Amino acid sequence: MLDRLKKFPYEEVVIPILAVLLALLVGSVFILFVGENPLVAYKVLVKESLGSTRNLATTLQRSTPLIFAGLAVAFAFRAGLFNIGVEGQLYIGGFAAAWVGFTFTNLPRVIHLPLAIIAGMLGGAIWAAVPGLLKAKLGVHEVINTIMLNFIAFFLTDWLTIGPFHGNTMAPETGRVAKTAAFTRLYPPTRLNTGIYLALAAAVIVWFILWKTKLGYELRAVGLNPSAAEYGGINVAKNLVTAMAISGALAGLVGTEQILGLHNRFIQRFSPDLGFMGIAVALLGKNHPVGVIFAAVLFGALQTGSAAMDRLTAVPRELITIIQALIIFFVAAEYLIRRMIRHKGDA
Amino acid sequence: MWDVLALLVNTSVFAAAFRMATPLIFAALGGILSERSGVVNIALEGMMLTGAFTAVFVTYHTGMPWVGVLGAMAAGALMGLLHAVVCIRYRANQVVSGTALNIFAGGLTVFLLRFFFNIAGTSPAVNVIPDITIPVLNRIPWIGKILGRQNPLVYLALVSVVVVHIVLFKTVWGLRLRSVGEHPRAADTVGVNVYRIRYVAVALSGALAGIGGSYLSIAHLSRFSENMTAGRGFIALAAMIFGKWTPLGALGACLFFGYADALQMRLQNLGIPVQFVQMLPYVLTMIALAGFIGQAVAPKASGEPYVKEG
C-alpha cells in the first residue's frame with residue numbers, strides 16, 4: 001500500500017491543481033475589479049456547469065473537442081514536438097470530414113460516418129505531416145511552420161467555403177452534411193453527441209500507442225533525447241513525421257466532431273480557438289491522456305459556466321479566457337510552484 | 001495587361017503599402033530585439049492587441065491620441081515584462097508563455113472593453129492622429145505622392161528601423177544584446193548581465209509592438225474592436241524571419257507584405273481570390289525557412305532559458 005502511494009505521481013497532480021487554484025485566485029482580483037463578489041461568481045460558475053444533468057451534458061459537450069485537441073498537443077509533446085498548428089489542422093480535418101459528409105450522400109451510415117471520420121483524420125494528419133517532414137528533412141523548427149500553416153489553413157478554408165463549396169445560404173458556410181454522416185445527439189436539447197465516446201476511445205488509444213507499443217517507446221525516446229535515440233538505432237526523422245501525423249489526425253478529429261456533431265456543415269472560422277486551448281489542456285494534463293481528460297472537463301466546465309456568469313453577474317464571460325491563460329502561465333512556470341512547495345517543506 | 005502593370009506601380013498602392021506595413025514594422029522590430037536577446041516572442045500579436053486597446057482607452061479619457069500612443073507603449077512593455085518574468089525568472093517554455101500571453105490579451109481586452117464601455121465588439125470612436133504633409137518631400141515627383149503625406153506613425157516606423165539598426169549593430173549595448181542571444185554563457189563570463197539585457201529587450205519589444213497596435217486603433221481606424229490585430233503579430237513574426245532577424249531585412253519584408261495587402265482588394269477585381277494573396281506572407285516564410293531563398297537562421301540561444309552557474 002505504501003509502495004503504491006510512493007509510486008503515485010505526486011508532483012504531477014499537485015502542481016496542476018495548485019496552478020488552477022492560483023489562476024482562480026488571480027481571477028478573483030478581476031472579479032473584484034468589476035465590483036462583484038468572487039465567491040458568488042464562482043458559485044454561479046460551478047452551479048451552471050455541474051449543477052444539473054443538463055448542465056453536465058453541456059460541460060461534456062464542450063469538453064469533447066478539448067479532449068481531442070489536448071491529446072493532439074500532448075502526443076506531439078511526448079515526441080519532443082510543439083504542435084501549435086492544431087488550430088489549422090482542425091480546419092483542414094473539419095473541411096475534409098464535411099466534404100465527405102455533403103458529397104457522398106447516398107452511402108449507408110455504417111460506411112458514410114466512418115469514411116467522414118477517416119477523412120477528417122487524414123486531413124489533419126497531412127497538414128501536420130508537412131512541418132514534421134520539414135523538420136526531419138531540413139531541420140526547420142516546427143513552431144514557426146505550424147503557426148504559418150494555421151493561417152494558410154484559415155485562408156484556404158475561407159476560400160473553399162465562400163468559393164467552390166459555398167452552400168445555398170447567404171452565410172459563409174457549405175451545404176449540409178447528410179444525416180448518414182452525422183454524430184448522434186445523446187441528450188437533447190444539449191448538443192452532447194457520440195463524439196464524446198470517440199474522444200474517450202482516442203485517449204485510450206493514445207495511451208496504448210505511447211506506453212504499450214514499440215512505436216510509442218521510440219517516440220518517447222526521441223522526445224526525451226533525440227541524439228541518444230538516434231545513437232540507439234531509432235530512426236528519428238521517421239518518428240518526427242509519424243508523431244506529427246498522429247498529432248494532426250487527433251487535431252483533425254477536433255474539427256470532425258465540431259462539424260459532424262454540432263454544426264452539420266462547415267462554417268467559416270467556426271473554432272473558438274480550440275487548437276490553442278488544446279495547448280492549455282495538454283500542459284495542465286501533464287501530457288498524459290488521463291490528465292488531458294480531467295483538464296478538458298475542467299475547461300469545458302469553465303466555458304459552460306461562463307455564459308451563465310455573464311448573464312447573472314456583472315462579470316464578463318471573457319474572465320474565463322483570462323483564467324485559462326493564467327492557468328497556462330502557472331503550469332508553464334512550474335519552477336515557481338515547485339519553489340513554493342519546497343519553501344513550505346522547509347518551514 | 002497594361003491595366004495590371006499600371007496597377008502594380010500605382011502610387012496610391014505604394015502609399016497604401018506603407019500604411020499597411022507600419023504596424024508590422026513596429027512589431028517586427030520588437031520581435032527582432034526580443035529574439036536577438038535570446039527570448040522567442042510569439043506574443044507580438046497579444047502585445048499589439050493590448051496596445052490597440054490601451055491607445056483607445058487612454059485617448060478616450062484624455063482626448064489626446066499621442067498620449068494614447070504612450071499608453072500603448074506602456075501597456076505593451078508591461079506585457080513584455082510579464083513574458084520576461086515568466087520566461088527568464090521562472091524559466092517557462094517561451095513558446096508556451098507566448099501562447100498564454102496571446103490568449104490572455106484576447107480575453108483581457110474584451111473583458112475591459114465590456115467593463116469600461118459596456119459594449120461588446122467595438123469601442124466608441126476616439127480622436128485620431130491626423131496625417132501630416134512633409135514640405136519638401138511632397139514636391140518630389142512619384143515619391144512625393146507615396147511618402148509626401150502620411151500618418152506621423154508611418155514616418156516614426158521608418159525612423160525606428162534606422163534607430164534599431166544602429167542600436168543593434170553600432171552600439172556596445174547592441175553588441176551585448178546580440179552576444180546574449182548567441183552565447184549567453186560567454187557574455188556572462190565577460191561580465192554582461194544576461195538577465196537585465198533580456199528583461200530590457202523583451203520590454204522594449206512589447207513597447208514597440210504596442211505602438212504597432214496603437215497605429216491600428218487610433219491612426220488607421222478610430223476605435224478598438226475585438227481581435228482587431230487579426231494575425232498581424234504573426235505576419236510581423238514572419239517578416240522578422242523573412243528579414244533574417246535584421247531591421248532592414250524586416251522593413252523590406254513588411255513593405256512587401258504591406259504591398260500584397262494593398263493589392264489584394266484590387267487583385268480581386270481581376271479574378272484572383274483575396275485569400276490567396278492573404279496566404280502569401282505565410283507561404284513565403286515557410287519557403288524562406290526551408291532555405292529556398294537563402295538560409296534564415298535564428299539567433300543560437302533563442303528559446304533557451306539561461307541559468308546562471310554557481
# chains A, B, ... in the order shown; residues from 1 in each chain; ligands from 1

$ interface_residues --of "chain B" --to "chain A" --cutoff "8 Å" --atoms "only C-alpha atoms" --output "mmCIF file with C-alpha atoms, in the first residue's frame"
data_model
loop_
_atom_site.group_PDB
_atom_site.id
_atom_site.type_symbol
_atom_site.label_atom_id
_atom_site.label_comp_id
_atom_site.auth_asym_id
_atom_site.auth_seq_id
_atom_site.Cartn_x
_atom_site.Cartn_y
_atom_site.Cartn_z
ATOM 1 C CA VAL B 86 7.693 34.009 -16.754
ATOM 2 C CA CYS B 87 10.416 33.041 -19.237
ATOM 3 C CA TYR B 90 10.619 31.162 -13.859
ATOM 4 C CA ARG B 91 12.254 29.507 -16.875
ATOM 5 C CA ALA B 92 8.991 28.672 -18.564
ATOM 6 C CA ASN B 93 8.963 27.457 -22.129
ATOM 7 C CA VAL B 96 4.124 28.317 -24.111
ATOM 8 C CA SER B 97 4.356 31.666 -22.346
ATOM 9 C CA THR B 99 0.771 31.386 -26.394
ATOM 10 C CA ALA B 100 -0.623 32.129 -22.940
ATOM 11 C CA LEU B 101 0.037 35.837 -23.454
ATOM 12 C CA ILE B 103 -4.851 34.141 -25.131
ATOM 13 C CA PHE B 104 -4.562 36.478 -22.134
ATOM 14 C CA ALA B 105 -4.540 39.597 -24.309
ATOM 15 C CA GLY B 106 -7.525 38.360 -26.319
ATOM 16 C CA GLY B 107 -9.526 37.805 -23.127
ATOM 17 C CA LEU B 108 -8.343 40.869 -21.257
ATOM 18 C CA VAL B 110 -12.634 42.195 -24.481
ATOM 19 C CA PHE B 111 -13.121 41.922 -20.706
ATOM 20 C CA ARG B 114 -17.134 45.318 -21.953
ATOM 21 C CA PHE B 115 -16.452 46.613 -18.469
ATOM 22 C CA PHE B 234 2.195 36.709 -36.716
ATOM 23 C CA ALA B 238 7.041 36.126 -40.423
ATOM 24 C CA PRO B 273 -9.249 35.266 -54.825
ATOM 25 C CA GLN B 275 -7.470 34.545 -49.766
ATOM 26 C CA PHE B 276 -4.543 33.517 -51.927
ATOM 27 C CA GLN B 278 -3.594 36.791 -47.821
ATOM 28 C CA MET B 279 -1.768 33.461 -47.645
ATOM 29 C CA TYR B 282 2.941 32.735 -44.602
ATOM 30 C CA VAL B 283 3.763 30.617 -47.655
ATOM 31 C CA THR B 285 8.058 32.482 -44.883
ATOM 32 C CA MET B 286 7.845 28.695 -44.971
ATOM 33 C CA LEU B 289 12.765 28.890 -43.679
ATOM 34 C CA ALA B 290 13.204 25.791 -45.807
#

$ select_by_dssp --residues "stretch 29-272 of chain B" --states "strand (DSSP E)" --output "PyMOL selection string"
chain B and resi 132-133+149-150

$ write_last_selection --atoms "all heavy atoms" --output "PDB file, in the first residue's frame"
ATOM      1  N   ILE B 132       0.090  64.035 -41.790  1.00  0.00           N
ATOM      2  CA  ILE B 132       0.823  65.295 -41.955  1.00  0.00           C
ATOM      3  C   ILE B 132       1.463  65.323 -43.339  1.00  0.00           C
ATOM      4  O   ILE B 132       1.699  64.286 -43.953  1.00  0.00           O
ATOM      5  CB  ILE B 132       1.927  65.481 -40.877  1.00  0.00           C
ATOM      6  CG1 ILE B 132       2.816  64.238 -40.800  1.00  0.00           C
ATOM      7  CG2 ILE B 132       1.339  65.787 -39.534  1.00  0.00           C
ATOM      8  CD1 ILE B 132       4.075  64.448 -39.988  1.00  0.00           C
ATOM      9  N   THR B 133       1.766  66.539 -43.791  1.00  0.00           N
ATOM     10  CA  THR B 133       2.446  66.693 -45.078  1.00  0.00           C
ATOM     11  C   THR B 133       3.892  67.092 -44.800  1.00  0.00           C
ATOM     12  O   THR B 133       4.152  67.968 -43.979  1.00  0.00           O
ATOM     13  CB  THR B 133       1.762  67.790 -45.912  1.00  0.00           C
ATOM     14  OG1 THR B 133       0.373  67.476 -46.005  1.00  0.00           O
ATOM     15  CG2 THR B 133       2.356  67.878 -47.304  1.00  0.00           C
ATOM     16  N   ARG B 149       2.619  62.716 -47.961  1.00  0.00           N
ATOM     17  CA  ARG B 149       1.579  62.928 -46.958  1.00  0.00           C
ATOM     18  C   ARG B 149       1.187  61.581 -46.370  1.00  0.00           C
ATOM     19  O   ARG B 149       0.604  60.731 -47.065  1.00  0.00           O
ATOM     20  CB  ARG B 149       0.369  63.604 -47.601  1.00  0.00           C
ATOM     21  CG  ARG B 149      -0.713  63.923 -46.594  1.00  0.00           C
ATOM     22  CD  ARG B 149      -1.838  64.759 -47.173  1.00  0.00           C
ATOM     23  NE  ARG B 149      -2.911  64.873 -46.194  1.00  0.00           N
ATOM     24  CZ  ARG B 149      -2.869  65.691 -45.136  1.00  0.00           C
ATOM     25  NH1 ARG B 149      -1.840  66.477 -44.962  1.00  0.00           N
ATOM     26  NH2 ARG B 149      -3.862  65.716 -44.266  1.00  0.00           N
ATOM     27  N   GLN B 150       1.549  61.376 -45.119  1.00  0.00           N
ATOM     28  CA  GLN B 150       1.257  60.115 -44.447  1.00  0.00           C
ATOM     29  C   GLN B 150       1.004  60.380 -42.973  1.00  0.00           C
ATOM     30  O   GLN B 150       1.165  61.499 -42.488  1.00  0.00           O
ATOM     31  CB  GLN B 150       2.449  59.142 -44.572  1.00  0.00           C
ATOM     32  CG  GLN B 150       2.610  58.484 -45.939  1.00  0.00           C
ATOM     33  CD  GLN B 150       1.667  57.314 -46.163  1.00  0.00           C
ATOM     34  OE1 GLN B 150       0.701  57.134 -45.429  1.00  0.00           O
ATOM     35  NE2 GLN B 150       1.913  56.522 -47.197  1.00  0.00           N
TER      36      GLN B 150
END

$ residues_around --residues "B:Pro23" --least-positions-apart "6" --cutoff "7 Å" --atoms "only C-alpha atoms" --output "PyMOL selection string"
chain B and resi 212-213+215-216

$ residues_around --residues "B:Ala15" --least-positions-apart "6" --cutoff "9 Å" --atoms "only C-alpha atoms" --output "JSON, numbers by chain"
{"B": [145, 146, 147, 149, 150, 259, 262]}

$ residues_around --residues "B:Ala253" --least-positions-apart "4" --cutoff "7 Å" --atoms "only C-alpha atoms" --output "MDAnalysis selection string"
chainID B and resid 239 242:243 249 257

$ write_last_selection --atoms "C-alpha atoms" --output "PDB file, in the first residue's frame"
ATOM      1  CA  ALA B 239       8.585  39.420 -41.608  1.00  0.00           C
ATOM      2  CA  PHE B 242      11.944  36.625 -43.730  1.00  0.00           C
ATOM      3  CA  GLY B 243      14.211  39.577 -42.991  1.00  0.00           C
ATOM      4  CA  GLY B 249      15.522  42.976 -43.869  1.00  0.00           C
ATOM      5  CA  PHE B 257       3.641  42.115 -47.200  1.00  0.00           C
TER       6      PHE B 257
END

$ select_by_dssp --residues "stretch 98-299 of chain A" --states "alpha helix (DSSP H)" --output "ChimeraX atom specification"
/A:98-103,109-138,142-162,195-212,214-224,226-231,236-257,274-284,289-299

$ residues_around --residues "A:Pro189" --least-positions-apart "3" --cutoff "10 Å" --atoms "only C-alpha atoms" --output "list in words"
Arg54, Ala57, Thr58, Arg185, Leu186 and Leu192 of chain A

$ write_last_selection --atoms "N, CA, C and O atoms" --output "mmCIF file, in the first residue's frame"
data_model
loop_
_atom_site.group_PDB
_atom_site.id
_atom_site.type_symbol
_atom_site.label_atom_id
_atom_site.label_comp_id
_atom_site.auth_asym_id
_atom_site.auth_seq_id
_atom_site.Cartn_x
_atom_site.Cartn_y
_atom_site.Cartn_z
ATOM 1 N N ARG A 54 -28.448 18.419 -17.193
ATOM 2 C CA ARG A 54 -28.372 19.158 -18.449
ATOM 3 C C ARG A 54 -27.091 20.002 -18.519
ATOM 4 O O ARG A 54 -26.412 20.034 -19.542
ATOM 5 N N ALA A 57 -24.215 17.763 -19.121
ATOM 6 C CA ALA A 57 -24.149 17.323 -20.518
ATOM 7 C C ALA A 57 -23.506 18.397 -21.387
ATOM 8 O O ALA A 57 -22.675 18.109 -22.256
ATOM 9 N N THR A 58 -23.879 19.658 -21.135
ATOM 10 C CA THR A 58 -23.270 20.754 -21.893
ATOM 11 C C THR A 58 -21.774 20.827 -21.623
ATOM 12 O O THR A 58 -20.967 21.034 -22.529
ATOM 13 N N ARG A 185 -26.974 12.800 -31.389
ATOM 14 C CA ARG A 185 -27.118 13.579 -30.153
ATOM 15 C C ARG A 185 -27.508 12.639 -29.010
ATOM 16 O O ARG A 185 -28.375 11.776 -29.182
ATOM 17 N N LEU A 186 -26.876 12.815 -27.854
ATOM 18 C CA LEU A 186 -27.111 11.895 -26.748
ATOM 19 C C LEU A 186 -28.106 12.415 -25.720
ATOM 20 O O LEU A 186 -28.766 11.641 -25.029
ATOM 21 N N LEU A 192 -24.573 17.525 -26.781
ATOM 22 C CA LEU A 192 -23.678 16.408 -26.472
ATOM 23 C C LEU A 192 -23.939 15.292 -27.480
ATOM 24 O O LEU A 192 -25.081 14.934 -27.731
#

$ residues_around --residues "A:Gly175" --least-positions-apart "2" --cutoff "9 Å" --atoms "only C-alpha atoms" --output "list in words"
Ala98, Phe102, Phe165, His166, Gly167, Asn168, Thr169, Glu173, Val177, Asn264, Arg265 and Phe266 of chain A

$ atom_distance --atom1 "atom CA of B:Gly31" --atom2 "atom CA of A:Gly275"
23.5 Å

$ closest_residue --among "A:Ala203, A:Ala182, A:Ala251, A:Ile17" --to "A:Ala129" --atoms "only C-alpha atoms"
A:Ala251
